[in-house]
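Printed here is structure01.cif (mmCIF, C-alpha atoms):
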```cif
data_target
#
loop_
_atom_site.group_PDB
_atom_site.id
_atom_site.type_symbol
_atom_site.label_atom_id
_atom_site.label_comp_id
_atom_site.auth_asym_id
_atom_site.auth_seq_id
_atom_site.Cartn_x
_atom_site.Cartn_y
_atom_site.Cartn_z
ATOM 1 C CA MET A 606 135.469 108.105 139.719
ATOM 2 C CA ALA A 607 138.781 106.490 138.993
ATOM 3 C CA ARG A 608 142.018 108.153 139.926
ATOM 4 C CA ILE A 609 143.652 109.598 136.889
ATOM 5 C CA ARG A 610 147.272 110.615 136.709
ATOM 6 C CA VAL A 611 147.471 114.360 136.266
ATOM 7 C CA HIS A 612 150.587 116.276 135.220
ATOM 8 C CA ILE A 613 150.727 119.738 136.782
ATOM 9 C CA THR A 614 152.818 121.875 134.483
ATOM 10 C CA SER A 615 155.788 123.933 135.454
ATOM 11 C CA VAL A 616 153.601 127.012 135.094
ATOM 12 C CA LEU A 617 151.699 125.977 138.206
ATOM 13 C CA ALA A 618 154.898 125.392 140.124
ATOM 14 C CA LEU A 619 156.146 128.878 139.236
ATOM 15 C CA THR A 620 152.881 130.479 140.289
ATOM 16 C CA LEU A 621 152.738 128.929 143.741
ATOM 17 C CA GLY A 622 154.977 131.618 145.156
ATOM 18 C CA THR A 623 153.205 134.486 143.416
ATOM 19 C CA ALA A 624 149.529 133.673 143.893
ATOM 20 C CA LEU A 625 149.281 135.836 147.002
ATOM 21 C CA THR A 626 150.624 138.789 145.033
ATOM 22 C CA VAL A 627 148.075 138.148 142.303
ATOM 23 C CA THR A 628 145.369 138.001 144.925
ATOM 24 C CA GLY A 629 146.387 141.280 146.504
ATOM 25 C CA CYS A 630 146.736 143.224 143.266
ATOM 26 C CA GLY A 631 143.853 141.747 141.312
ATOM 27 C CA SER A 632 143.548 141.680 137.544
ATOM 28 C CA GLU A 633 140.991 141.569 134.784
ATOM 29 C CA ASN A 634 141.315 137.783 134.668
ATOM 30 C CA THR A 635 140.816 137.257 138.378
ATOM 31 C CA PRO A 636 137.373 135.823 139.201
ATOM 32 C CA SER A 637 135.074 138.325 140.886
ATOM 33 C CA SER A 638 135.100 138.312 144.656
ATOM 34 C CA SER A 639 132.143 137.452 146.854
ATOM 35 C CA SER A 640 129.773 140.194 147.887
ATOM 36 C CA SER A 641 129.440 138.711 151.364
ATOM 37 C CA GLU A 642 131.744 139.755 154.181
ATOM 38 C CA ALA A 643 133.742 137.096 155.964
ATOM 39 C CA LYS A 644 133.066 136.802 159.669
ATOM 40 C CA PRO A 645 135.923 136.542 162.180
ATOM 41 C CA GLY A 646 137.592 133.206 161.644
ATOM 42 C CA GLY A 647 137.247 133.351 157.867
ATOM 43 C CA ARG A 648 133.832 131.660 157.485
ATOM 44 C CA ASN A 649 130.942 133.411 155.748
ATOM 45 C CA GLU A 650 128.383 131.541 157.791
ATOM 46 C CA ASP A 651 125.354 133.363 156.391
ATOM 47 C CA ALA A 652 126.403 132.924 152.741
ATOM 48 C CA PRO A 653 129.340 130.540 152.330
ATOM 49 C CA VAL A 654 131.666 131.211 149.417
ATOM 50 C CA VAL A 655 132.337 128.002 147.508
ATOM 51 C CA VAL A 656 135.062 127.390 144.944
ATOM 52 C CA ALA A 657 134.537 124.227 142.898
ATOM 53 C CA THR A 658 137.167 122.749 140.639
ATOM 54 C CA THR A 659 134.577 121.825 137.966
ATOM 55 C CA SER A 660 130.930 122.428 137.141
ATOM 56 C CA TRP A 661 130.120 118.979 138.520
ATOM 57 C CA GLU A 662 131.189 119.879 142.069
ATOM 58 C CA GLY A 663 129.694 123.321 141.513
ATOM 59 C CA ALA A 664 126.319 121.850 140.645
ATOM 60 C CA PHE A 665 126.312 119.737 143.796
ATOM 61 C CA ALA A 666 127.118 122.873 145.802
ATOM 62 C CA LYS A 667 124.304 124.826 144.135
ATOM 63 C CA ALA A 668 121.836 121.995 144.714
ATOM 64 C CA ALA A 669 122.876 121.976 148.373
ATOM 65 C CA GLY A 670 121.958 125.650 148.691
ATOM 66 C CA ALA A 671 125.211 127.532 148.077
ATOM 67 C CA LYS A 672 124.559 130.796 146.236
ATOM 68 C CA ASP A 673 128.111 132.075 145.773
ATOM 69 C CA VAL A 674 129.822 129.376 143.712
ATOM 70 C CA LYS A 675 132.895 129.907 141.554
ATOM 71 C CA VAL A 676 134.054 127.215 139.112
ATOM 72 C CA ILE A 677 137.728 126.895 138.161
ATOM 73 C CA VAL A 678 137.849 124.570 135.138
ATOM 74 C CA PRO A 679 136.095 126.090 132.108
ATOM 75 C CA GLU A 680 133.114 124.251 130.673
ATOM 76 C CA SER A 681 134.955 123.967 127.357
ATOM 77 C CA VAL A 682 137.520 121.585 128.888
ATOM 78 C CA GLN A 683 136.129 118.140 128.148
ATOM 79 C CA HIS A 684 138.529 116.222 130.398
ATOM 80 C CA ALA A 685 138.854 118.272 133.576
ATOM 81 C CA PRO A 686 141.878 116.453 135.116
ATOM 82 C CA ASP A 687 144.002 117.641 132.181
ATOM 83 C CA TYR A 688 143.405 121.307 133.009
ATOM 84 C CA ASP A 689 146.415 123.439 133.946
ATOM 85 C CA PRO A 690 145.477 126.011 136.617
ATOM 86 C CA LYS A 691 146.342 129.684 136.013
ATOM 87 C CA PRO A 692 147.448 132.260 138.606
ATOM 88 C CA SER A 693 143.935 133.736 138.597
ATOM 89 C CA ASP A 694 142.543 130.294 139.409
ATOM 90 C CA LEU A 695 144.801 130.029 142.420
ATOM 91 C CA ALA A 696 143.822 133.508 143.533
ATOM 92 C CA ALA A 697 140.117 132.652 143.389
ATOM 93 C CA VAL A 698 140.285 130.483 146.500
ATOM 94 C CA ALA A 699 141.702 133.262 148.687
ATOM 95 C CA GLY A 700 138.259 134.323 149.870
ATOM 96 C CA ALA A 701 136.587 130.920 149.815
ATOM 97 C CA ASP A 702 135.018 129.157 152.762
ATOM 98 C CA PHE A 703 134.962 125.789 151.003
ATOM 99 C CA VAL A 704 136.972 124.348 148.121
ATOM 100 C CA LEU A 705 135.250 121.368 146.507
ATOM 101 C CA TYR A 706 137.259 118.825 144.551
ATOM 102 C CA ALA A 707 137.262 115.201 143.418
ATOM 103 C CA PRO A 708 139.959 112.680 144.364
ATOM 104 C CA PHE A 709 141.218 112.520 140.776
ATOM 105 C CA GLU A 710 141.945 116.287 140.865
ATOM 106 C CA PRO A 711 145.111 116.513 142.979
ATOM 107 C CA TYR A 712 145.687 120.148 142.035
ATOM 108 C CA ALA A 713 142.884 121.190 144.408
ATOM 109 C CA ALA A 714 145.251 121.084 147.382
ATOM 110 C CA LYS A 715 147.648 123.297 145.431
ATOM 111 C CA PHE A 716 144.915 125.908 145.086
ATOM 112 C CA LYS A 717 144.620 126.257 148.833
ATOM 113 C CA GLU A 718 148.372 126.167 149.435
ATOM 114 C CA ALA A 719 149.166 128.728 146.760
ATOM 115 C CA ALA A 720 146.531 131.270 147.730
ATOM 116 C CA GLY A 721 147.058 130.936 151.466
ATOM 117 C CA SER A 722 143.385 130.201 151.906
ATOM 118 C CA LYS A 723 141.857 129.038 155.158
ATOM 119 C CA ALA A 724 139.109 127.343 153.215
ATOM 120 C CA GLU A 725 137.949 123.868 154.127
ATOM 121 C CA LEU A 726 138.865 121.344 151.452
ATOM 122 C CA VAL A 727 135.904 119.063 150.728
ATOM 123 C CA GLU A 728 136.221 115.894 148.661
ATOM 124 C CA VAL A 729 133.041 115.332 146.668
ATOM 125 C CA ASP A 730 131.761 111.949 145.551
ATOM 126 C CA LEU A 731 131.037 112.682 141.896
ATOM 127 C CA ASP A 732 128.404 110.109 141.045
ATOM 128 C CA ASN A 733 125.084 110.896 139.372
ATOM 129 C CA ASP A 734 123.421 107.794 140.748
ATOM 130 C CA ALA A 735 120.213 109.289 142.135
ATOM 131 C CA ASP A 736 120.585 107.951 145.678
ATOM 132 C CA LYS A 737 124.263 108.884 145.924
ATOM 133 C CA ALA A 738 123.656 112.343 144.508
ATOM 134 C CA LYS A 739 120.929 113.059 147.049
ATOM 135 C CA ALA A 740 123.123 111.833 149.879
ATOM 136 C CA GLU A 741 125.939 114.128 148.744
ATOM 137 C CA VAL A 742 123.631 117.133 148.433
ATOM 138 C CA THR A 743 122.351 116.449 151.955
ATOM 139 C CA ARG A 744 125.898 116.185 153.312
ATOM 140 C CA LEU A 745 126.976 119.439 151.682
ATOM 141 C CA GLY A 746 123.851 121.206 152.879
ATOM 142 C CA LYS A 747 124.694 120.318 156.474
ATOM 143 C CA MET A 748 128.269 121.473 155.931
ATOM 144 C CA PHE A 749 127.192 124.800 154.416
ATOM 145 C CA GLY A 750 124.403 125.381 156.922
ATOM 146 C CA THR A 751 121.854 125.308 154.094
ATOM 147 C CA GLU A 752 119.972 122.147 155.037
ATOM 148 C CA GLU A 753 116.554 123.635 154.217
ATOM 149 C CA ALA A 754 117.570 124.578 150.679
ATOM 150 C CA ALA A 755 119.162 121.160 150.141
ATOM 151 C CA ALA A 756 115.994 119.389 151.332
ATOM 152 C CA LYS A 757 113.880 121.527 149.024
ATOM 153 C CA TRP A 758 116.076 120.623 146.062
ATOM 154 C CA ILE A 759 115.859 116.915 146.880
ATOM 155 C CA THR A 760 112.053 117.109 146.976
ATOM 156 C CA SER A 761 112.048 118.741 143.548
ATOM 157 C CA PHE A 762 114.566 116.203 142.283
ATOM 158 C CA ASP A 763 112.496 113.234 143.463
ATOM 159 C CA THR A 764 109.450 114.548 141.627
ATOM 160 C CA GLU A 765 111.292 115.193 138.376
ATOM 161 C CA TYR A 766 113.289 111.949 138.529
ATOM 162 C CA ALA A 767 110.103 109.913 138.985
ATOM 163 C CA THR A 768 108.602 111.632 135.940
ATOM 164 C CA LEU A 769 111.685 110.869 133.857
ATOM 165 C CA GLN A 770 111.580 107.215 134.891
ATOM 166 C CA THR A 771 107.896 106.973 133.981
ATOM 167 C CA ASP A 772 108.482 108.538 130.567
ATOM 168 C CA LEU A 773 111.454 106.279 129.867
ATOM 169 C CA LYS A 774 109.521 103.170 130.843
ATOM 170 C CA ALA A 775 106.754 104.204 128.456
ATOM 171 C CA ALA A 776 109.364 104.343 125.688
ATOM 172 C CA TRP A 777 110.710 100.811 126.238
ATOM 173 C CA PRO A 778 110.876 98.909 122.935
ATOM 174 C CA ASP A 779 107.869 96.565 122.736
ATOM 175 C CA GLY A 780 107.115 97.397 126.355
ATOM 176 C CA LYS A 781 110.184 95.503 127.627
ATOM 177 C CA ALA A 782 113.178 96.874 129.520
ATOM 178 C CA PRO A 783 116.063 97.278 127.057
ATOM 179 C CA THR A 784 119.367 95.521 127.594
ATOM 180 C CA ALA A 785 122.350 97.818 127.921
ATOM 181 C CA VAL A 786 126.067 97.989 128.524
ATOM 182 C CA ALA A 787 127.516 101.149 130.012
ATOM 183 C CA GLN A 788 130.776 102.895 130.663
ATOM 184 C CA VAL A 789 131.335 102.617 134.414
ATOM 185 C CA PHE A 790 130.610 106.313 135.001
ATOM 186 C CA SER A 791 127.376 106.163 132.989
ATOM 187 C CA THR A 792 125.651 103.278 134.761
ATOM 188 C CA TRP A 793 123.407 105.748 136.574
ATOM 189 C CA SER A 794 121.638 106.457 133.278
ATOM 190 C CA ALA A 795 120.858 102.752 132.830
ATOM 191 C CA LYS A 796 119.336 102.704 136.309
ATOM 192 C CA MET A 797 117.235 105.768 135.537
ATOM 193 C CA ALA A 798 115.974 104.190 132.310
ATOM 194 C CA GLY A 799 115.132 100.894 134.045
ATOM 195 C CA ALA A 800 117.418 99.126 131.592
ATOM 196 C CA ASN A 801 118.755 95.630 132.153
ATOM 197 C CA LEU A 802 122.479 96.320 132.587
ATOM 198 C CA VAL A 803 124.301 93.286 131.184
ATOM 199 C CA GLY A 804 127.861 94.623 131.255
ATOM 200 C CA THR A 805 130.189 97.561 131.847
ATOM 201 C CA TYR A 806 133.480 98.798 130.448
ATOM 202 C CA GLY A 807 136.210 101.315 131.298
ATOM 203 C CA PRO A 808 137.683 103.445 132.619
ATOM 204 C CA GLU A 809 140.765 101.598 131.380
ATOM 205 C CA ALA A 810 141.186 100.822 127.697
ATOM 206 C CA VAL A 811 138.726 98.212 126.472
ATOM 207 C CA THR A 812 140.420 95.038 125.257
ATOM 208 C CA ALA A 813 139.335 93.073 122.213
ATOM 209 C CA LYS A 814 138.233 90.231 124.471
ATOM 210 C CA ARG A 815 136.121 92.575 126.564
ATOM 211 C CA LEU A 816 134.468 93.961 123.457
ATOM 212 C CA SER A 817 133.761 90.445 122.272
ATOM 213 C CA ASP A 818 132.226 89.500 125.602
ATOM 214 C CA LEU A 819 130.022 92.606 125.622
ATOM 215 C CA SER A 820 128.920 92.017 122.043
ATOM 216 C CA LYS A 821 127.839 88.468 122.871
ATOM 217 C CA LYS A 822 125.382 89.866 125.392
ATOM 218 C CA LYS A 823 123.522 91.467 122.474
ATOM 219 C CA PRO A 824 122.818 94.827 124.128
ATOM 220 C CA GLN A 825 120.286 97.156 122.598
ATOM 221 C CA LEU A 826 121.970 100.228 124.057
ATOM 222 C CA VAL A 827 125.548 101.310 124.731
ATOM 223 C CA LEU A 828 125.600 104.117 127.312
ATOM 224 C CA ASP A 829 128.949 105.776 126.721
ATOM 225 C CA ASN A 830 130.675 108.526 128.716
ATOM 226 C CA VAL A 831 131.192 111.576 126.494
ATOM 227 C CA HIS A 832 134.038 112.798 128.712
ATOM 228 C CA MET A 833 136.076 109.612 128.206
ATOM 229 C CA THR A 834 134.747 108.344 124.913
ATOM 230 C CA THR A 835 136.921 106.404 122.484
ATOM 231 C CA GLY A 836 134.390 106.463 119.671
ATOM 232 C CA LYS A 837 132.009 103.722 118.658
ATOM 233 C CA VAL A 838 132.231 100.971 121.270
ATOM 234 C CA LEU A 839 130.375 98.090 119.602
ATOM 235 C CA PRO A 840 130.190 99.177 115.952
ATOM 236 C CA ASP A 841 129.034 95.820 114.567
ATOM 237 C CA SER A 842 126.623 94.799 117.306
ATOM 238 C CA GLY A 843 123.570 96.714 116.167
ATOM 239 C CA ALA A 844 123.378 98.444 119.545
ATOM 240 C CA ARG A 845 122.518 102.133 119.580
ATOM 241 C CA GLN A 846 125.186 104.183 121.341
ATOM 242 C CA VAL A 847 124.104 107.045 123.600
ATOM 243 C CA GLU A 848 126.592 109.699 124.706
ATOM 244 C CA ILE A 849 125.939 110.431 128.377
ATOM 245 C CA VAL A 850 127.104 113.797 129.731
ATOM 246 C CA ASN A 851 128.002 113.847 133.426
ATOM 247 C CA TYR A 852 129.135 117.452 133.828
ATOM 248 C CA PRO A 853 126.457 120.142 134.177
ATOM 249 C CA ALA A 854 126.538 123.252 132.005
ATOM 250 C CA LYS A 855 127.641 126.723 133.049
ATOM 251 C CA ASP A 856 124.344 127.301 134.872
ATOM 252 C CA LEU A 857 125.293 124.478 137.297
ATOM 253 C CA ASP A 858 121.867 122.866 136.947
ATOM 254 C CA LEU A 859 122.409 119.302 138.145
ATOM 255 C CA LEU A 860 118.846 118.270 137.341
ATOM 256 C CA ALA A 861 119.401 119.196 133.689
ATOM 257 C CA VAL A 862 121.998 116.420 133.457
ATOM 258 C CA TYR A 863 119.279 113.847 134.175
ATOM 259 C CA LYS A 864 116.793 115.482 131.813
ATOM 260 C CA ASN A 865 119.306 115.588 128.969
ATOM 261 C CA ALA A 866 120.343 111.970 129.519
ATOM 262 C CA ALA A 867 116.706 110.858 129.606
ATOM 263 C CA THR A 868 116.022 112.658 126.323
ATOM 264 C CA ALA A 869 119.025 111.018 124.663
ATOM 265 C CA VAL A 870 118.159 107.527 125.921
ATOM 266 C CA GLU A 871 114.509 107.868 124.961
ATOM 267 C CA LYS A 872 115.500 108.977 121.464
ATOM 268 C CA ALA A 873 117.709 105.903 121.100
ATOM 269 C CA MET A 874 114.978 103.563 122.322
ATOM 270 C CA THR A 875 112.358 104.937 119.958
ATOM 271 C CA ALA A 876 114.569 105.273 116.871
ATOM 272 C CA SER A 877 113.315 103.144 113.982
#
```

Kindly return the structure encoded in the file as structure tokens.
Amino acid sequence: MARIRVHITSVLALTLGTALTVTGCGSENTPSSSSSEAKPGGRNEDAPVVVATTSWEGAFAKAAGAKDVKVIVPESVQHAPDYDPKPSDLAAVAGADFVLYAPFEPYAAKFKEAAGSKAELVEVDLDNDADKAKAEVTRLGKMFGTEEAAAKWITSFDTEYATLQTDLKAAWPDGKAPTAVAQVFSTWSAKMAGANLVGTYGPEAVTAKRLSDLSKKKPQLVLDNVHMTTGKVLPDSGARQVEIVNYPAKDLDLLAVYKNAATAVEKAMTAS
């Protein structure tokens, strides 16, 4: 995803020197610690402890086989890069083996620095394109030592994804692939639906000329990104807008993201 300028508040700066104290004392707001014991060297090799900045990274970790996953940014925060970490967030990484983050979340390095963690910082490619997602799950599985669990998830994913594609194709209007434009971080949903992608927009502000160009392509669907939406994209084009959700829910079920997107796209295609 695109790099987004993030302002870390003065609260974070003040907490950098105190996070270790918070970690040592604990509090009601401090995330629960892992039940697994760290082996010499700091790595829980049998059950790695993973701290993920958002549910998106967390879902990739869970798909890859990690069982002890803590998520920093609450699900209620729609735009994760705007989140201001709390002292308890910084303390959460103290016992982690891996800290997963995206390149547009520069505060991830601050987590490790503040808590004095020896965790390995892992940059995750947050892209729900099916092939890229599977590659990332495989990579994380090798890193965690959970390759078997990751492979099992990918097998399940392939089966479910193929079913979703079949169902979406059956819902094509008049039996023809729909034309679509998509926000750049929602193009994966067009691929899943078998849509003919005729244009993209974002993440920067969409100009009037760009809107005009997209409208001329007469798309049937507009696949928007709910996390960066600016409202109705092509209000006078007749295209049906679908809000695509990239971030998994609190249960960190990555597959549910695809199921929910497929349901929303199918509903738009079959609407009278």

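CA of Ala755 (chain A) is positioned 13.9 Å from CA of Lys737 (chain A).
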
Separation of CA of Lys747 (chain A) from CA of Val850 (chain A), in Å and rounded to one decimal: 27.6 Å

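The coordinates place CA of Val678 (chain A) at 8.5 Å from CA of Asp694 (chain A).
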
Residue among A:Asp687, A:Glu871, A:Asp736, A:Asp829 lying closest to Thr792 (chain A), counting all atoms listed in the file: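 The shortest atom-to-atom distance to Thr792 (chain A) comes from A:Asp829.
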
Neighbours of Asp858 (chain A) within 8 Å (only C-alpha atoms; same-chain residues fewer than 3 positions away dropped), as a compact mmCIF listing (two decimals) with C-alpha atoms, in the coordinates of the input?
```txt
# COMPACT_ATOMS: atom_id res chain seq x y z
CA ALA A 664 126.32 121.85 140.65
CA LYS A 667 124.30 124.83 144.14
CA ALA A 668 121.84 122.00 144.71
CA PRO A 853 126.46 120.14 134.18
CA ALA A 854 126.54 123.25 132.00
CA LYS A 855 127.64 126.72 133.05
CA ALA A 861 119.40 119.20 133.69
CA VAL A 862 122.00 116.42 133.46
```

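Of the residues under consideration (A:Ala869, A:Met874, A:Ala669, A:Ala740), A:Ala669 shows the shortest atom-to-atom contact distance to Trp758 (chain A) when counting all atoms listed in the file.
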
The PyMOL selection byres ((chain A and resi 820-824) around 9) applied to the shown file, residues as a list in words: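 After applying the PyMOL selection byres ((chain A and resi 820-824) around 9), what remains is Pro783, Thr784, Ala785, Val786, Leu802, Val803, Gly804, Arg815, Leu816, Ser817, Asp818, Leu819, Gln825, Leu826, Val827, Leu839, Asp841, Ser842, Gly843, Ala844 and Arg845 of chain A.
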
Mind telling me what the PyMOL selection byres ((chain A and resi 743) around 10) catches here, as an mmCIF file with C-alpha atoms, in the coordinates of the input?
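That gives us part.cif:
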```cif
data_model
loop_
_atom_site.group_PDB
_atom_site.id
_atom_site.type_symbol
_atom_site.label_atom_id
_atom_site.label_comp_id
_atom_site.auth_asym_id
_atom_site.auth_seq_id
_atom_site.Cartn_x
_atom_site.Cartn_y
_atom_site.Cartn_z
ATOM 1 C CA PHE A 665 126.312 119.737 143.796
ATOM 2 C CA ALA A 668 121.836 121.995 144.714
ATOM 3 C CA ALA A 669 122.876 121.976 148.373
ATOM 4 C CA GLY A 670 121.958 125.650 148.691
ATOM 5 C CA LYS A 737 124.263 108.884 145.924
ATOM 6 C CA ALA A 738 123.656 112.343 144.508
ATOM 7 C CA LYS A 739 120.929 113.059 147.049
ATOM 8 C CA ALA A 740 123.123 111.833 149.879
ATOM 9 C CA GLU A 741 125.939 114.128 148.744
ATOM 10 C CA VAL A 742 123.631 117.133 148.433
ATOM 11 C CA ARG A 744 125.898 116.185 153.312
ATOM 12 C CA LEU A 745 126.976 119.439 151.682
ATOM 13 C CA GLY A 746 123.851 121.206 152.879
ATOM 14 C CA LYS A 747 124.694 120.318 156.474
ATOM 15 C CA MET A 748 128.269 121.473 155.931
ATOM 16 C CA PHE A 749 127.192 124.800 154.416
ATOM 17 C CA THR A 751 121.854 125.308 154.094
ATOM 18 C CA GLU A 752 119.972 122.147 155.037
ATOM 19 C CA GLU A 753 116.554 123.635 154.217
ATOM 20 C CA ALA A 754 117.570 124.578 150.679
ATOM 21 C CA ALA A 755 119.162 121.160 150.141
ATOM 22 C CA ALA A 756 115.994 119.389 151.332
ATOM 23 C CA TRP A 758 116.076 120.623 146.062
ATOM 24 C CA ILE A 759 115.859 116.915 146.880
#
```

Padding 8 Å on every side, please: axis-aligned box over the listed atoms of region 675-686 of chain A, centre and edge lengths to one decimal in Å, as JSON.
```
{"center_x": 137.4, "center_y": 123.1, "center_z": 134.5, "size_x": 25.0, "size_y": 29.7, "size_z": 30.2}
```

Who sits within 8 Å of region 794-800 of chain A, all atoms listed in the file, same chain under 6 positions skipped, as a PyMOL selection string: chain A and resi 734+766+769-770+773-774+782-785+787+828+849+863+866-867+870

Top pick for closest residue to Asp730 (chain A), considering A:Asp856, A:Thr868, A:Ala713, A:Leu705 and counting all atoms listed in the file: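 Result for the nearest residue to Asp730 (chain A): A:Leu705.
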
Among the residues A:Val811, A:Ala724, A:Val789, A:Ala776, the one that comes closest to Ala873 (chain A) [using only C-alpha atoms]: A:Ala776

Care to translate the PyMOL selection byres ((chain A and resi 707) around 6) into actual residues of this file, as a short mmCIF file (atom, residue, chain, number, x, y, z; two decimals) with C-alpha atoms, in the coordinates of the input?
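File out_33.cif, as written:
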```
data_model
loop_
_atom_site.label_atom_id
_atom_site.label_comp_id
_atom_site.auth_asym_id
_atom_site.auth_seq_id
_atom_site.Cartn_x
_atom_site.Cartn_y
_atom_site.Cartn_z
CA TYR A 706 137.26 118.82 144.55
CA PRO A 708 139.96 112.68 144.36
CA PHE A 709 141.22 112.52 140.78
CA GLU A 710 141.94 116.29 140.86
CA GLU A 728 136.22 115.89 148.66
CA VAL A 729 133.04 115.33 146.67
#
```

Given all atoms listed in the file as the counted atoms, nearest of A:Asp772, A:Tyr852, A:Thr812, A:Pro778 to Ser791 (chain A):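 Answer, going by the shortest atom-to-atom distance: A:Tyr852.
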
Residue among A:Glu809, A:Asp673, A:Glu662, A:Asp702 lying closest to Thr834 (chain A), counting only C-alpha atoms: A:Glu809
